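Input: a single structure, listed below in structure tokens.
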Amino acid sequence: MPLFDSHCHLDAPEFDADRTGLLAECRLRGITGFMVPAIGADNWQRVMALSAREPDICFALGVHPCFVAQQPTDVMARLTTLVQQRPSGLVAIGECGLDGRSHLPQAGQQQLFEAQVRLAMTLDLPLIVHSVRANDTVLKLLRRHRPGRGGVIHAFSGSLHQAERFWELGFRLGIGGTITYERANKTREAVAAMPLEALLLETDSPDMPICGHQGMRNTPLSLLRVLDELAALKRLPVSHVAAVLYESTQDIFHLGK
Ligand SMILES: [Zn+2]
């Protein structure tokens with residue numbers, strides 16, 4: 001029963017001390033695929049180097065909305081040049097998107113997100129979308145551009161109505177630690193009602209620890225707990241959920257093709 005962590009920041013310094021051992025443990029437990037999204041110009045090379053060392057790690061390149069203010073002014077030109085070279089292991093553009101939390105600078109977020117949507121469309125790649133307190137604006141923007149390869153709304157949190165609109169636009173929903181929290185009622189209900197084919201598993205490691213592990217480093221090993229919780233929500237056998245979601249991940253990222 002192979003599993004795929006469709007969103008984990010394995011290049012983060014939090015993993016410097018034990019990355020090799022952790023990856024070995026993951027593989028032993030059946031987690032045999034990893035998608036590592038970039039967050040900005042200063043980690044693109046790190047992400048690519050990690051993927052070059054580890055054949056089961058693929059990656060996305062882009063600019064995360066939380067780090068828009070720290071980017072060089074020519075960030076889109078640099079990103080375009082890099083992805084046009086189609087580095088081996090590149091499967092998507094991201095993570096990009098909008099983050100509406102009030103402590104974050106909003107200037108430039110939308111402009112950079114739209115530029116990355118257009119880039120993904122030019123290169124026929126899927127998008128890894130970060131949408132926090134911004135689902136309706138993200139939906140409006142995606143509806144305007146209609147990126148053909150769709151992508152993933154990573155760490156989906158929202159209503160069933162929003163989930164359905166994303167799915168209609170060709171976006172799958174990344175399901176992670178959020179569903180392990182009882183209080184995430186709305187998201188749990190939305191996930192339970194969505195078709196299995198619309199969902200992907202992810203951990204967002206080292207962020208978004210599962211319930212009971214707050215304040216600790218998250219790792220791709222949490223994927224097993226997310227899978228159990230998802231199977232329980234859907235009232236389906238774990239092995240079936242795992243098989244459908246694995247297939248879906250291969251499909252969206254064009255892996256094994
Ligand atoms: Zn992320």
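Chain labels run A, B, ... following the order of the structure tokens; each chain numbers its residues from 1, and ligands are numbered from 1 in the order shown.
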
Give me, as an mmCIF file with C-alpha atoms, in the first residue's frame, the set of residues whose atoms come within 9 Å of any atom of ligand 1, counting only C-alpha atoms and all ligand atoms.
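pocket-v4.cif was written with the following content:
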data_model
loop_
_atom_site.group_PDB
_atom_site.id
_atom_site.type_symbol
_atom_site.label_atom_id
_atom_site.label_comp_id
_atom_site.auth_asym_id
_atom_site.auth_seq_id
_atom_site.Cartn_x
_atom_site.Cartn_y
_atom_site.Cartn_z
ATOM 1 C CA HIS A 7 2.945 18.507 0.149
ATOM 2 C CA CYS A 8 5.911 18.480 2.526
ATOM 3 C CA HIS A 9 8.770 20.959 2.957
ATOM 4 C CA VAL A 36 8.281 19.304 -2.049
ATOM 5 C CA PRO A 37 6.989 22.771 -2.989
ATOM 6 C CA ALA A 38 9.296 25.783 -2.974
ATOM 7 C CA ILE A 39 8.498 28.946 -1.016
ATOM 8 C CA HIS A 64 4.617 31.426 -1.405
ATOM 9 C CA GLY A 94 4.020 26.664 -6.395
ATOM 10 C CA GLU A 95 3.383 26.975 -3.783
ATOM 11 C CA ILE A 128 0.059 24.126 -5.861
ATOM 12 C CA VAL A 129 -2.211 26.695 -4.235
ATOM 13 C CA HIS A 130 -1.984 28.079 -0.711
ATOM 14 C CA HIS A 154 -3.169 22.508 -0.456
ATOM 15 C CA ALA A 155 -4.249 22.060 3.196
ATOM 16 C CA THR A 203 1.265 16.739 5.810
ATOM 17 C CA ASP A 204 2.743 20.220 5.095
ATOM 18 C CA SER A 205 5.688 19.111 7.270
ATOM 19 C CA PRO A 206 7.315 20.580 9.288
ATOM 20 C CA ASP A 207 4.171 22.734 9.776
#

Mind checking which residues fall within 9 Å of A:Arg172, counting only C-alpha atoms, ignoring those fewer than 5 positions away in the same chain, and posting them as a VMD selection string? chain A and resid 150 to 154 163 166 to 167 197 to 200 248 252

Generate the output file for the selected residues, N, CA and C atoms, as a PDB file, in the first residue's frame.
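Full text of out.pdb as output:
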ATOM      1  N   GLY A 150      -5.200  22.440 -13.915  1.00  0.00           N
ATOM      2  CA  GLY A 150      -5.731  22.473 -12.548  1.00  0.00           C
ATOM      3  C   GLY A 150      -4.604  22.451 -11.538  1.00  0.00           C
ATOM      4  N   GLY A 151      -4.797  21.666 -10.467  1.00  0.00           N
ATOM      5  CA  GLY A 151      -3.762  21.606  -9.452  1.00  0.00           C
ATOM      6  C   GLY A 151      -4.312  21.135  -8.127  1.00  0.00           C
ATOM      7  N   VAL A 152      -3.717  21.658  -7.070  1.00  0.00           N
ATOM      8  CA  VAL A 152      -4.082  21.239  -5.712  1.00  0.00           C
ATOM      9  C   VAL A 152      -4.326  22.473  -4.845  1.00  0.00           C
ATOM     10  N   ILE A 153      -5.464  22.487  -4.139  1.00  0.00           N
ATOM     11  CA  ILE A 153      -5.678  23.477  -3.083  1.00  0.00           C
ATOM     12  C   ILE A 153      -5.111  22.811  -1.841  1.00  0.00           C
ATOM     13  N   HIS A 154      -3.895  23.213  -1.514  1.00  0.00           N
ATOM     14  CA  HIS A 154      -3.169  22.508  -0.456  1.00  0.00           C
ATOM     15  C   HIS A 154      -3.735  22.861   0.920  1.00  0.00           C
ATOM     16  N   ALA A 163     -15.333  23.711  -1.642  1.00  0.00           N
ATOM     17  CA  ALA A 163     -14.651  22.490  -2.097  1.00  0.00           C
ATOM     18  C   ALA A 163     -15.178  22.076  -3.473  1.00  0.00           C
ATOM     19  N   PHE A 166     -13.899  24.418  -6.266  1.00  0.00           N
ATOM     20  CA  PHE A 166     -12.503  24.125  -6.618  1.00  0.00           C
ATOM     21  C   PHE A 166     -12.416  22.871  -7.500  1.00  0.00           C
ATOM     22  N   TRP A 167     -13.142  21.847  -7.115  1.00  0.00           N
ATOM     23  CA  TRP A 167     -13.134  20.563  -7.848  1.00  0.00           C
ATOM     24  C   TRP A 167     -13.655  20.749  -9.271  1.00  0.00           C
ATOM     25  N   GLU A 197     -11.954  10.873  -5.290  1.00  0.00           N
ATOM     26  CA  GLU A 197     -11.065  11.236  -6.401  1.00  0.00           C
ATOM     27  C   GLU A 197     -10.631  12.699  -6.336  1.00  0.00           C
ATOM     28  N   ALA A 198     -11.349  13.510  -5.536  1.00  0.00           N
ATOM     29  CA  ALA A 198     -11.024  14.933  -5.447  1.00  0.00           C
ATOM     30  C   ALA A 198      -9.969  15.210  -4.386  1.00  0.00           C
ATOM     31  N   LEU A 199      -9.537  14.173  -3.663  1.00  0.00           N
ATOM     32  CA  LEU A 199      -8.683  14.398  -2.490  1.00  0.00           C
ATOM     33  C   LEU A 199      -7.271  13.845  -2.669  1.00  0.00           C
ATOM     34  N   LEU A 200      -6.311  14.521  -2.030  1.00  0.00           N
ATOM     35  CA  LEU A 200      -4.934  14.039  -1.968  1.00  0.00           C
ATOM     36  C   LEU A 200      -4.487  14.096  -0.507  1.00  0.00           C
ATOM     37  N   SER A 248      -4.536   9.082  -7.790  1.00  0.00           N
ATOM     38  CA  SER A 248      -4.875  10.476  -8.050  1.00  0.00           C
ATOM     39  C   SER A 248      -3.627  11.366  -8.051  1.00  0.00           C
ATOM     40  N   ILE A 252      -2.339  13.661 -11.143  1.00  0.00           N
ATOM     41  CA  ILE A 252      -2.243  15.127 -11.194  1.00  0.00           C
ATOM     42  C   ILE A 252      -0.825  15.585 -11.530  1.00  0.00           C
TER      43      ILE A 252
END

Neighbours of A:Thr187 within 8 Å (only C-alpha atoms; same-chain residues fewer than 6 positions away dropped), as JSON, numbers by chain? {"A": [156, 157, 158, 159, 160, 178, 179]}

Can I get the selected residues back with N, CA, C and O atoms, as a PDB file, in the first residue's frame?
ATOM      1  N   PHE A 156      -6.513  22.103   2.351  1.00  0.00           N
ATOM      2  CA  PHE A 156      -7.840  22.696   2.188  1.00  0.00           C
ATOM      3  C   PHE A 156      -8.537  22.859   3.534  1.00  0.00           C
ATOM      4  O   PHE A 156      -8.590  21.951   4.361  1.00  0.00           O
ATOM      5  N   SER A 157      -9.095  24.050   3.706  1.00  0.00           N
ATOM      6  CA  SER A 157      -9.919  24.338   4.867  1.00  0.00           C
ATOM      7  C   SER A 157     -11.037  25.234   4.358  1.00  0.00           C
ATOM      8  O   SER A 157     -10.765  26.282   3.773  1.00  0.00           O
ATOM      9  N   GLY A 158     -12.271  24.788   4.512  1.00  0.00           N
ATOM     10  CA  GLY A 158     -13.371  25.598   3.998  1.00  0.00           C
ATOM     11  C   GLY A 158     -14.663  24.814   3.966  1.00  0.00           C
ATOM     12  O   GLY A 158     -14.768  23.721   4.531  1.00  0.00           O
ATOM     13  N   SER A 159     -15.646  25.388   3.253  1.00  0.00           N
ATOM     14  CA  SER A 159     -16.978  24.790   3.215  1.00  0.00           C
ATOM     15  C   SER A 159     -17.102  23.793   2.067  1.00  0.00           C
ATOM     16  O   SER A 159     -16.262  23.779   1.157  1.00  0.00           O
ATOM     17  N   LEU A 160     -18.170  22.996   2.105  1.00  0.00           N
ATOM     18  CA  LEU A 160     -18.444  22.055   1.011  1.00  0.00           C
ATOM     19  C   LEU A 160     -18.662  22.822  -0.292  1.00  0.00           C
ATOM     20  O   LEU A 160     -18.191  22.404  -1.348  1.00  0.00           O
ATOM     21  N   THR A 178      -5.439  19.062   9.463  1.00  0.00           N
ATOM     22  CA  THR A 178      -6.657  19.784   9.871  1.00  0.00           C
ATOM     23  C   THR A 178      -7.784  18.828  10.249  1.00  0.00           C
ATOM     24  O   THR A 178      -8.485  19.051  11.243  1.00  0.00           O
ATOM     25  N   ILE A 179      -7.956  17.751   9.476  1.00  0.00           N
ATOM     26  CA  ILE A 179      -9.104  16.866   9.744  1.00  0.00           C
ATOM     27  C   ILE A 179      -8.938  16.030  11.013  1.00  0.00           C
ATOM     28  O   ILE A 179      -9.864  15.353  11.440  1.00  0.00           O
TER      29      ILE A 179
END

Give the answer as one residue: which of A:Val244, A:Val132, A:Ala190, A:Leu141 has the shortest atom-to-atom distance to A:Gln162, using only C-alpha atoms?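 Smallest distance to A:Gln162 is found for A:Ala190.
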
For the strand (DSSP E) assignment from backbone DSSP, which residues of stretch 65-132 of chain A qualify? Please present them as a PyMOL selection string. chain A and resi 90-99+127-132

Find the spatial neighbours of A:Glu182, counting only C-alpha atoms, within a cut-off of 12 Å - ignore same-chain residues fewer than 2 positions away - and output them as a compact mmCIF listing (two decimals) with N, CA, C and O atoms, in the first residue's frame.
# COMPACT_ATOMS: atom_id res chain seq x y z
N GLY A 177 -3.39 17.50 8.34
CA GLY A 177 -3.65 17.44 9.77
C GLY A 177 -4.93 18.11 10.24
O GLY A 177 -5.47 17.74 11.28
N THR A 178 -5.44 19.06 9.46
CA THR A 178 -6.66 19.78 9.87
C THR A 178 -7.78 18.83 10.25
O THR A 178 -8.48 19.05 11.24
N ILE A 179 -7.96 17.75 9.48
CA ILE A 179 -9.10 16.87 9.74
C ILE A 179 -8.94 16.03 11.01
O ILE A 179 -9.86 15.35 11.44
N THR A 180 -7.74 16.07 11.64
CA THR A 180 -7.57 15.33 12.89
C THR A 180 -8.09 16.14 14.08
O THR A 180 -8.12 15.64 15.21
N ALA A 184 -12.53 21.27 13.69
CA ALA A 184 -12.55 21.64 12.27
C ALA A 184 -13.78 21.03 11.59
O ALA A 184 -13.69 20.39 10.54
N ASN A 185 -14.93 21.27 12.20
CA ASN A 185 -16.20 20.66 11.76
C ASN A 185 -16.55 20.87 10.31
O ASN A 185 -16.87 19.93 9.60
N LYS A 186 -16.46 22.14 9.90
CA LYS A 186 -16.90 22.50 8.54
C LYS A 186 -16.03 21.78 7.52
O LYS A 186 -16.54 21.19 6.56
N THR A 187 -14.72 21.81 7.74
CA THR A 187 -13.80 21.16 6.80
C THR A 187 -14.00 19.65 6.82
O THR A 187 -14.02 19.01 5.76
N ARG A 188 -14.18 19.06 8.00
CA ARG A 188 -14.38 17.60 8.09
C ARG A 188 -15.65 17.19 7.34
O ARG A 188 -15.67 16.18 6.63
N GLU A 189 -16.70 17.99 7.49
CA GLU A 189 -17.95 17.68 6.78
C GLU A 189 -17.78 17.81 5.26
O GLU A 189 -18.29 16.99 4.50
N ILE A 210 -0.42 17.30 13.59
CA ILE A 210 -1.72 16.68 13.81
C ILE A 210 -2.15 16.86 15.27
O ILE A 210 -1.34 17.20 16.13
N CYS A 211 -3.42 16.62 15.51
CA CYS A 211 -3.99 16.79 16.85
C CYS A 211 -3.21 15.94 17.86
O CYS A 211 -2.92 14.77 17.61
N GLY A 212 -2.86 16.54 18.98
CA GLY A 212 -2.10 15.83 20.01
C GLY A 212 -0.60 16.10 19.90
O GLY A 212 0.16 15.73 20.78
N GLU A 229 -7.77 8.81 9.62
CA GLU A 229 -8.85 9.75 9.93
C GLU A 229 -9.75 9.95 8.70
O GLU A 229 -10.97 9.98 8.82
N LEU A 233 -13.69 9.12 8.30
CA LEU A 233 -14.66 10.14 7.86
C LEU A 233 -15.48 9.65 6.68
O LEU A 233 -16.68 9.92 6.58

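Rounded to one decimal, atom CA of A:Gly21 and atom CA of A:Phe59 lie 20.2 Å from each other.
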
Give me, please, the distance in Å between atom CA of A:Leu125 and atom CA of A:Val68, quoted to one decimal. 21.3 Å

Residue with the minimum atom-to-atom distance to A:Asn43, picked from A:Pro55, A:Gly97, A:Gly62, A:Gly30 with only C-alpha atoms counted, is A:Gly62

DSSP-assigned alpha helix (DSSP H) among stretch 118-208 of chain A, expressed as a ChimeraX atom specification: /A:118-123,135-145,160-168,185-193

Selection near stretch 115-120 of chain A, 8 Å with only C-alpha atoms, sequence-local residues under 5 positions removed, as number ranges by chain: A: 62, 76, 80, 92-94, 96, 125-127, 145, 147

Residue subset to file, keeping N, CA and C atoms, as an mmCIF file, in the first residue's frame:
data_model
loop_
_atom_site.group_PDB
_atom_site.id
_atom_site.type_symbol
_atom_site.label_atom_id
_atom_site.label_comp_id
_atom_site.auth_asym_id
_atom_site.auth_seq_id
_atom_site.Cartn_x
_atom_site.Cartn_y
_atom_site.Cartn_z
ATOM 1 N N GLY A 62 8.082 28.017 -7.111
ATOM 2 C CA GLY A 62 7.181 29.159 -7.089
ATOM 3 C C GLY A 62 7.484 30.076 -5.929
ATOM 4 N N MET A 76 9.841 36.922 -10.872
ATOM 5 C CA MET A 76 9.083 36.178 -11.888
ATOM 6 C C MET A 76 9.936 35.874 -13.116
ATOM 7 N N THR A 80 10.628 32.130 -14.284
ATOM 8 C CA THR A 80 10.300 31.733 -15.657
ATOM 9 C C THR A 80 11.502 31.083 -16.335
ATOM 10 N N ALA A 92 5.181 20.847 -10.864
ATOM 11 C CA ALA A 92 4.124 21.847 -10.658
ATOM 12 C C ALA A 92 4.735 23.216 -10.407
ATOM 13 N N ILE A 93 3.868 24.242 -10.431
ATOM 14 C CA ILE A 93 4.246 25.601 -10.050
ATOM 15 C C ILE A 93 3.659 25.874 -8.664
ATOM 16 N N GLY A 94 4.500 26.334 -7.734
ATOM 17 C CA GLY A 94 4.020 26.664 -6.395
ATOM 18 C C GLY A 94 5.089 26.432 -5.331
ATOM 19 N N CYS A 96 1.962 28.757 -4.464
ATOM 20 C CA CYS A 96 1.589 30.149 -4.687
ATOM 21 C C CYS A 96 0.152 30.320 -4.204
ATOM 22 N N LEU A 125 1.556 23.116 -16.641
ATOM 23 C CA LEU A 125 1.839 22.440 -15.366
ATOM 24 C C LEU A 125 0.698 22.715 -14.385
ATOM 25 N N PRO A 126 0.474 21.809 -13.428
ATOM 26 C CA PRO A 126 -0.529 22.093 -12.392
ATOM 27 C C PRO A 126 0.002 23.092 -11.361
ATOM 28 N N LEU A 127 -0.910 23.671 -10.583
ATOM 29 C CA LEU A 127 -0.556 24.663 -9.563
ATOM 30 C C LEU A 127 -0.710 24.091 -8.158
ATOM 31 N N HIS A 145 -9.048 32.727 -14.924
ATOM 32 C CA HIS A 145 -7.953 32.207 -15.768
ATOM 33 C C HIS A 145 -8.192 30.794 -16.282
ATOM 34 N N PRO A 147 -6.936 27.669 -15.401
ATOM 35 C CA PRO A 147 -5.710 26.935 -15.763
ATOM 36 C C PRO A 147 -6.017 25.484 -16.123
#

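Taking atom CA of A:Gln70 and atom CA of A:Ser102 as the two end points, the separation is 17.4 Å.
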
Need the shell around A:Gln85: protein/DNA/RNA residues with any atom at most 12 Å away, counting only C-alpha atoms. Skip same-chain ones fewer than 6 positions apart. Format as JSON, numbers by chain? {"A": [78, 79, 123]}
